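Novice: Got a structure here, written out as C-alpha cells. Questions coming.
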Amino acid sequence: MSDASQARMSGVARWVVMGLGGLGLLMTINQTFALKLFGFYPIGNAFIYYLIGIFLAVALLIFPARQTDSERLPWYDWLLAAAALGGSLYLGLNGLRMTQQGWEYFAPLSATLIATMMLLLVLEGVRRCGGWAIFAVALIFGAYPLYAGYMPGFLWSNGFELGETIRAHVMGAESIVGVPMQVVANLIVGFVVFGIALTITGGGEFFMNFATALMGRSRGGPAKVAVVSSAFMGSLSGSAVSNILTTGTITIPAMKRSGYKPEYAAAVEACASTGGTLMPPVMGAVAFIMASFLGVSYGEVMIAALLPAILFYLALLLQVDHYAARKGLQGMPAKDIPRIGTTLVAGWPYLLSLAVLIYMLLAMRLESQAPYYATLVLLGIALFRRQKRLGLKQLGEFFYQLAHGVGNLVAVLAGIGLVVGGLSYTGVAGAFSRELLLYAGDSIPLMLAAGAVTSFILGMGMTVSACYIFLSILLAPALVGAGLNPLGSHLFILYWGMLSYITPPVALAAITAAGVAGANNTRTSLHAVRLGGVLFVLPFLFVLNPSLILQGEVFDIVVSTLTALTAIWLVAAAMEGYLYRVGSVSWPLRGALLIAALLMMYPEGRSDLLGLGMLVVTYGVAFLRQARQVPSPPPPLDQVCHKP
C-alpha cells in the first residue's frame, strides 16, 4: 500500500473498512451455506443490494474522488459511504415488495428518489475505481434507453422516460443487480478470500521457492523462475498488475543480475503476469462471468482454458531459454536455489489447499463453496504451524485486503451492469449481432478480424472484465451465430481484450514492470509484444479448432496438441533466432521457421505435413551452412616448411 493510501486509510477509517469487509464476508458465507445466522437469510435480490451497499461504501472510502484527496479522507466521502449503506438497506428491506408490486415500472416517490441516489453513487464508484473511460461507457450505454427512440436503423428502440430508466436500472433484474453482480456475490468473493489467504500465509514465497527449485539451475534460470512463479501466482490472483508488484520485485532484479537487459527482464515479467489471467484454477473474475453467461459450470471453463494457457507459458519458457542460449547466460548460483524436497515439505499446506479446491470444483462441482473449504484447510493448518502462524495483525490485513479487492470489483461491475441493462432493455444487443452477421456474410475470417480489433481497442480503455462483458453481449452472439464454438468464441474475446496489457500505447503491465526494472517504457512494450506474440495467434487457433480447448474426440485433441506444441517451439525459435542443435540462425531461416509454424497452426492435415517438411529442409540448410563455416584443419608442419 502506498504512503498516500496509508495516510488516507489510517485510524478509524481503516477499522471501518476492515469491519465492513468482515461483515460482507460473514453475509456471503451465511448466504452461500444457507446458515441463517440470527434468522437472517435475504430473499431474491436483497442480498445483492446489501453486498453492493457494503462494498460500494468501502470503495468510496478507499478510492479518492480526486488526486488532492489521496492523503486524506474528507467528510463528504464519509457521507457518500453512509448514503450507499442506507440506500442499499432500504432496497434490500423492500426487495420482496419491489418484486411483488413491480416497482421496476411503478414505484413510490421515495423509492424512486433513493434509486436515483444509488444510481449516482454507482456511477461515482465506477469513475473512481475504473477511470473515466469505463465511466463514460457506463453513462452512455446506461442512458441509452433515454435516446434509443431517436437512433437510426437497427439502433432504434422504444424510448424510456427518465424515471423509468432509473427504476429499471436499480430495481430491475438486468442491470446493477444483474449477472456481473450475481457472479460476484455467488462466486468471486470466495475466490478472493482464498487468494488473500494464500498470500498472507506465505503462499507467494512458497511458489517463488518452488519455481526456483524447478528452474533455477537451468540456463537463464531467473527468467524461467519469473515465468513459472507468475503462472502460479497470477492464476490465483487474476491480476496482472498486482502480480508484477509482488513477484516482479524479486524476479526482475534477479534477471538483471544474471545478465538480462532491464527492458527484456521487465517484458518477461509483464507477459508472465498477464498470462496469469488465463491460467486455471482461478483465472480471475472474468472466467466466472463467462461461465454464467454461457450457462456452463466453472469447471468446464477452467478445463477449456487449460491447454491454451499451457501453450502460452511454454512459448515464454522456450523464448527465454533460446535467448539465454544465444547470449550465453547461466543459471542461478547453487547457494540461491532451495532443495525441491525441502520446499515441498515446507509448502505442503498450499498444495493441499489447491488440491481441495480443484477436487471440489471438478469432481464435486461445489463451485460457490469450494474456495471457502480450501481456505478453511489452509487457515486451519496455519493456526497450528510454528512458521507463518497467523496473528491479529495478519487477520486485520486479511479483512482489509478483502474489502479492498471486493470493493474495487463491486464498484466496477455494478457500473458495467448499467451497460448490460441499457442494451438488454432496449433490445439493441440482439439487433447489433444480427447486423454484424449480415455485413460479414459468410466470411468467418472477416468476422474474427473485426472481433479481434474491437476487443483490442476496447481493452485499451477498460478492465478485462468490463471489456469482456460488453463484447459478450454484442459480439459473442454473432460469432456463435456464424457457427463457431460458443466457449471458444468467448475465450477469443477474453484473449484479445487482455492483449492491451502488453501492447502499446497502453501496455499497463509492461509499463508497470518497466517501472520496477527502471527500464524504458516503449522498449519494454516492444519486447513484450515479441515475447507475447503467441497470444495474438492462439485465439484464432482454438476458436477455429475446438480440440485445443479440449473439446472433441481424444485422437483429434492429441494430434492438435502435438502440432500446436511443435508450432509454439518454431515460433520461439524464429522470434529469438536460435535453433536447437544448430545455434544462432540467420533471418532467412528464421522466416522459414515462422512460415513452418504458421502452416502447422492451421487446423488441417496437409498444412501440418507441409510445415514438418519445411522444418526438415530448414534443419538441413542450417547444418550445411554450419559445416561450410567449420575451418579445414591446417596442413602438416613438414609440408608448410618444405622447399622445392
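Starting from 1 in every chain, residues are counted up; chains themselves are A, B, ... following the order of the C-alpha cells, and ligands are numbered from 1 as listed.
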With a distance cut-off of 8 Å and only C-alpha atoms, select the neighbouring residues of A:Ile252, excluding the residue or stretch itself and same-chain residues fewer than 3 positions from it, and output the selection as a list of chain:residue names.

Specialist: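 Skipping anything fewer than 3 positions along the chain leaves A:Ala226, A:Gly248, A:Thr249, A:Met255, A:Lys256, A:Pro262, A:Ala265, A:Ala266, A:Glu269, A:Val516, A:Ala517.
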
Novice: May I have the residues within 8 Å of A:Ser547 as a VMD selection string, using only C-alpha atoms and disregarding those fewer than 5 positions away in the same chain?

Specialist: chain A and resid 542 552 to 553 556 to 557 560 to 561

Novice: Using N, CA and C atoms, can you write the selected residues to a file as a PDB file, in the first residue's frame?

Specialist:
ATOM      1  N   PHE A 542      -7.740 -21.712 -31.319  1.00  0.00           N
ATOM      2  CA  PHE A 542      -8.742 -22.512 -30.614  1.00  0.00           C
ATOM      3  C   PHE A 542     -10.174 -22.164 -30.997  1.00  0.00           C
ATOM      4  N   GLY A 552     -13.973 -32.416 -28.173  1.00  0.00           N
ATOM      5  CA  GLY A 552     -13.950 -33.253 -29.364  1.00  0.00           C
ATOM      6  C   GLY A 552     -13.407 -34.636 -29.055  1.00  0.00           C
ATOM      7  N   GLU A 553     -13.046 -35.369 -30.106  1.00  0.00           N
ATOM      8  CA  GLU A 553     -12.528 -36.721 -29.962  1.00  0.00           C
ATOM      9  C   GLU A 553     -11.107 -36.701 -29.388  1.00  0.00           C
ATOM     10  N   ASP A 556      -8.291 -36.445 -32.005  1.00  0.00           N
ATOM     11  CA  ASP A 556      -8.148 -35.091 -32.551  1.00  0.00           C
ATOM     12  C   ASP A 556      -7.458 -34.168 -31.553  1.00  0.00           C
ATOM     13  N   ILE A 557      -7.790 -34.330 -30.262  1.00  0.00           N
ATOM     14  CA  ILE A 557      -7.176 -33.491 -29.233  1.00  0.00           C
ATOM     15  C   ILE A 557      -5.679 -33.762 -29.150  1.00  0.00           C
ATOM     16  N   SER A 560      -3.928 -32.376 -32.359  1.00  0.00           N
ATOM     17  CA  SER A 560      -3.907 -30.909 -32.322  1.00  0.00           C
ATOM     18  C   SER A 560      -2.914 -30.398 -31.290  1.00  0.00           C
ATOM     19  N   THR A 561      -2.830 -31.084 -30.155  1.00  0.00           N
ATOM     20  CA  THR A 561      -1.894 -30.671 -29.106  1.00  0.00           C
ATOM     21  C   THR A 561      -0.453 -30.820 -29.567  1.00  0.00           C
TER      22      THR A 561
END

Novice: Give me, as a PyMOL selection string, the residues of stretch 68-241 of chain A that a backbone DSSP run labels alpha helix (DSSP H).

Specialist: chain A and resi 75-93+95-100+109-130+132-142+144-147+162-171+179-183+189-200+203-215+221-237+240-241

Novice: Which neighbours of A:Leu494 fall inside 10 Å, counting only C-alpha atoms, when residues of the same chain fewer than 2 positions from it are skipped, and could you give them as a list in words?

Specialist: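 Selected residues are Thr277, Leu278, Val286, Ala287, Met290, Ala452, Ser455, Phe456, Gly459, Val464, Ser465, Cys467, Tyr468, Ile469, Leu471, Ser472, Gly488, Ser489, His490, Leu491, Phe492, Trp496, Gly497, Met498, Leu499 and Pro539 of chain A.
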
Novice: Taking only C-alpha atoms into account, which of A:Glu164, A:Glu174, A:Gly299, A:His404 comes nearest A:Met364?

Specialist: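 Distance minimum relative to A:Met364 lands on A:Gly299.
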
Novice: With only C-alpha atoms as the counted atoms, please give the residues lying no more than 12 Å from stretch 427-436 of chain A, apart from itself and same-chain residues fewer than 4 positions off, as a PyMOL selection string.

Specialist: chain A and resi 141+144-145+148-149+151-159+419-423+440-444+446-448+450-451+469-482

Novice: Could you save those same residues with N, CA and C atoms as a compact mmCIF listing (two decimals), in the first residue's frame?

Specialist:
# COMPACT_ATOMS: atom_id res chain seq x y z
N PHE A 141 -24.10 4.07 -22.34
CA PHE A 141 -24.97 2.92 -22.60
C PHE A 141 -26.04 2.77 -21.52
N TYR A 144 -28.80 4.88 -22.63
CA TYR A 144 -29.28 4.57 -23.98
C TYR A 144 -30.81 4.51 -24.08
N PRO A 145 -31.52 3.95 -23.09
CA PRO A 145 -32.98 3.93 -23.20
C PRO A 145 -33.60 5.32 -23.34
N ALA A 148 -32.84 6.07 -27.25
CA ALA A 148 -32.93 4.99 -28.23
C ALA A 148 -33.99 5.27 -29.30
N GLY A 149 -35.04 6.01 -28.93
CA GLY A 149 -36.10 6.32 -29.88
C GLY A 149 -35.68 7.28 -30.98
N MET A 151 -32.54 7.04 -32.43
CA MET A 151 -31.42 6.45 -33.14
C MET A 151 -31.88 5.87 -34.48
N PRO A 152 -30.96 5.80 -35.48
CA PRO A 152 -31.34 5.30 -36.81
C PRO A 152 -31.22 3.79 -36.91
N GLY A 153 -31.91 3.22 -37.89
CA GLY A 153 -31.75 1.83 -38.28
C GLY A 153 -31.91 0.85 -37.13
N PHE A 154 -31.01 -0.13 -37.10
CA PHE A 154 -31.13 -1.20 -36.11
C PHE A 154 -30.83 -0.71 -34.69
N LEU A 155 -30.30 0.52 -34.56
CA LEU A 155 -30.03 1.08 -33.24
C LEU A 155 -31.28 1.66 -32.60
N TRP A 156 -32.38 1.73 -33.35
CA TRP A 156 -33.63 2.30 -32.82
C TRP A 156 -34.32 1.33 -31.87
N SER A 157 -34.97 1.90 -30.88
CA SER A 157 -35.79 1.11 -29.96
C SER A 157 -36.80 2.05 -29.30
N ASN A 158 -37.82 1.47 -28.68
CA ASN A 158 -38.75 2.29 -27.92
C ASN A 158 -38.01 3.00 -26.79
N GLY A 159 -38.26 4.30 -26.67
CA GLY A 159 -37.57 5.08 -25.66
C GLY A 159 -38.19 4.95 -24.28
N VAL A 419 -24.38 -0.98 -18.43
CA VAL A 419 -24.24 -1.26 -19.86
C VAL A 419 -25.11 -2.45 -20.25
N VAL A 420 -25.03 -3.51 -19.43
CA VAL A 420 -25.84 -4.70 -19.69
C VAL A 420 -27.32 -4.34 -19.69
N GLY A 421 -27.74 -3.55 -18.69
CA GLY A 421 -29.15 -3.16 -18.59
C GLY A 421 -29.60 -2.30 -19.75
N GLY A 422 -28.79 -1.31 -20.11
CA GLY A 422 -29.18 -0.42 -21.21
C GLY A 422 -29.36 -1.15 -22.52
N LEU A 423 -28.47 -2.11 -22.80
CA LEU A 423 -28.58 -2.88 -24.05
C LEU A 423 -29.69 -3.92 -23.99
N ALA A 440 -20.96 -9.25 -42.39
CA ALA A 440 -19.83 -10.16 -42.59
C ALA A 440 -20.15 -11.24 -43.62
N GLY A 441 -21.43 -11.48 -43.87
CA GLY A 441 -21.81 -12.53 -44.80
C GLY A 441 -21.38 -13.89 -44.28
N ASP A 442 -20.75 -14.67 -45.14
CA ASP A 442 -20.27 -15.99 -44.75
C ASP A 442 -18.78 -15.98 -44.40
N SER A 443 -18.18 -14.80 -44.27
CA SER A 443 -16.74 -14.71 -44.05
C SER A 443 -16.42 -14.75 -42.55
N ILE A 444 -16.09 -15.95 -42.07
CA ILE A 444 -15.69 -16.08 -40.66
C ILE A 444 -14.37 -15.36 -40.38
N LEU A 446 -13.27 -12.63 -41.69
CA LEU A 446 -13.58 -11.20 -41.58
C LEU A 446 -14.21 -10.88 -40.23
N MET A 447 -15.11 -11.74 -39.78
CA MET A 447 -15.78 -11.51 -38.50
C MET A 447 -14.79 -11.63 -37.34
N LEU A 448 -13.89 -12.62 -37.42
CA LEU A 448 -12.90 -12.78 -36.36
C LEU A 448 -11.93 -11.60 -36.33
N ALA A 450 -12.59 -8.52 -37.31
CA ALA A 450 -13.33 -7.39 -36.74
C ALA A 450 -13.48 -7.53 -35.23
N GLY A 451 -13.76 -8.76 -34.79
CA GLY A 451 -13.89 -9.00 -33.35
C GLY A 451 -12.59 -8.78 -32.61
N ILE A 469 -17.48 -8.30 -20.71
CA ILE A 469 -18.94 -8.23 -20.51
C ILE A 469 -19.59 -7.48 -21.66
N PHE A 470 -18.98 -6.36 -22.04
CA PHE A 470 -19.54 -5.54 -23.11
C PHE A 470 -19.61 -6.34 -24.42
N LEU A 471 -18.51 -7.01 -24.77
CA LEU A 471 -18.47 -7.72 -26.05
C LEU A 471 -19.18 -9.06 -26.01
N SER A 472 -19.32 -9.65 -24.83
CA SER A 472 -20.06 -10.91 -24.76
C SER A 472 -21.54 -10.70 -25.07
N ILE A 473 -22.00 -9.46 -24.90
CA ILE A 473 -23.39 -9.13 -25.23
C ILE A 473 -23.53 -8.78 -26.71
N LEU A 474 -22.55 -8.02 -27.23
CA LEU A 474 -22.67 -7.52 -28.61
C LEU A 474 -22.05 -8.46 -29.65
N LEU A 475 -20.85 -8.96 -29.36
CA LEU A 475 -20.08 -9.67 -30.37
C LEU A 475 -20.21 -11.18 -30.31
N ALA A 476 -20.17 -11.74 -29.10
CA ALA A 476 -20.18 -13.21 -28.97
C ALA A 476 -21.38 -13.87 -29.65
N PRO A 477 -22.60 -13.33 -29.52
CA PRO A 477 -23.72 -13.98 -30.22
C PRO A 477 -23.53 -14.06 -31.73
N ALA A 478 -22.86 -13.04 -32.31
CA ALA A 478 -22.61 -13.07 -33.75
C ALA A 478 -21.60 -14.16 -34.11
N LEU A 479 -20.55 -14.32 -33.29
CA LEU A 479 -19.57 -15.37 -33.57
C LEU A 479 -20.20 -16.75 -33.45
N VAL A 480 -21.01 -16.93 -32.41
CA VAL A 480 -21.69 -18.21 -32.24
C VAL A 480 -22.69 -18.44 -33.37
N GLY A 481 -23.38 -17.36 -33.77
CA GLY A 481 -24.34 -17.47 -34.87
C GLY A 481 -23.69 -17.83 -36.19
N ALA A 482 -22.38 -17.52 -36.32
CA ALA A 482 -21.66 -17.87 -37.55
C ALA A 482 -21.20 -19.32 -37.55

Novice: Quick one: pull the distance between atom CA of A:Ala324 and atom CA of A:Tyr260, Å, one decimal.

Specialist: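 Here the two named atoms are 8.5 Å from each other.
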
Novice: For A:Leu609, find every residue with an atom within 10 Å (counting only C-alpha atoms), except residues of its own chain fewer than 3 positions away, and show them as a list in words.

Specialist: Thr563, Ala596, Leu599, Met600, Glu604, Gly605, Arg606, Leu612, Gly613, Met614 and Leu615 of chain A

Novice: Next, dump the selected residues to file, keeping only C-alpha atoms, as a compact mmCIF listing (two decimals), in the first residue's frame.

Specialist:
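Final output, part25.txt:
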# COMPACT_ATOMS: atom_id res chain seq x y z
CA THR A 563 1.10 -29.95 -33.74
CA ALA A 596 6.50 -23.62 -40.93
CA LEU A 599 1.41 -23.90 -41.55
CA MET A 600 1.26 -26.18 -38.52
CA GLU A 604 -5.68 -29.04 -41.49
CA GLY A 605 -3.62 -32.20 -42.07
CA ARG A 606 -1.89 -31.24 -45.31
CA LEU A 612 7.03 -30.52 -41.00
CA GLY A 613 8.62 -30.72 -44.44
CA MET A 614 9.73 -27.09 -44.23
CA LEU A 615 11.18 -27.75 -40.76

Novice: Would you tabulate, counting only C-alpha atoms, all residues of stretch 389-424 of chain A that have an atom at most 10 Å from an atom of stretch 177-201 of chain A, showing the closest pair of atoms and their distance in Å to one decimal, sorted by chain then ascending number, as a tab-separated table?

Specialist:
residue	atom	partner	partner_atom	distance
A:Arg389	CA	A:Thr201	CA	7.5
A:Leu390	CA	A:Thr201	CA	7.2
A:Gln394	CA	A:Ile200	CA	6.7
A:Leu395	CA	A:Ile200	CA	8.6
A:Glu397	CA	A:Ile200	CA	8.0
A:Phe398	CA	A:Ile196	CA	6.5
A:Phe399	CA	A:Val193	CA	9.0
A:Gln401	CA	A:Ile196	CA	7.1
A:Leu402	CA	A:Val193	CA	6.5
A:Ala403	CA	A:Val192	CA	9.8
A:Gly405	CA	A:Val192	CA	7.3
A:Val406	CA	A:Val189	CA	6.7
A:Leu409	CA	A:Val184	CA	7.9
A:Val410	CA	A:Met181	CA	7.0
A:Ala411	CA	A:Met181	CA	9.7
A:Val412	CA	A:Pro180	CA	9.6
A:Leu413	CA	A:Pro180	CA	5.9
A:Ala414	CA	A:Met181	CA	6.2
A:Gly415	CA	A:Pro180	CA	9.6
A:Ile416	CA	A:Pro180	CA	7.8
A:Gly417	CA	A:Gly178	CA	6.3
A:Leu418	CA	A:Gly178	CA	9.0
A:Val420	CA	A:Gly178	CA	7.9
A:Gly421	CA	A:Gly178	CA	7.8

Novice: Go through A:Ala513, A:Ala84, A:Leu379, A:Val529 and flag the residue nearest A:Thr251, using only C-alpha atoms for the distances.

Specialist: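 Counting only C-alpha atoms, the residue closest to A:Thr251 is A:Ala513.
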
Novice: Could you check which of A:Thr212, A:Ser218, A:Gln330, A:Thr522 is closest to A:Thr343, using only C-alpha atoms?

Specialist: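 Closest to A:Thr343, using only C-alpha atoms: A:Thr212.
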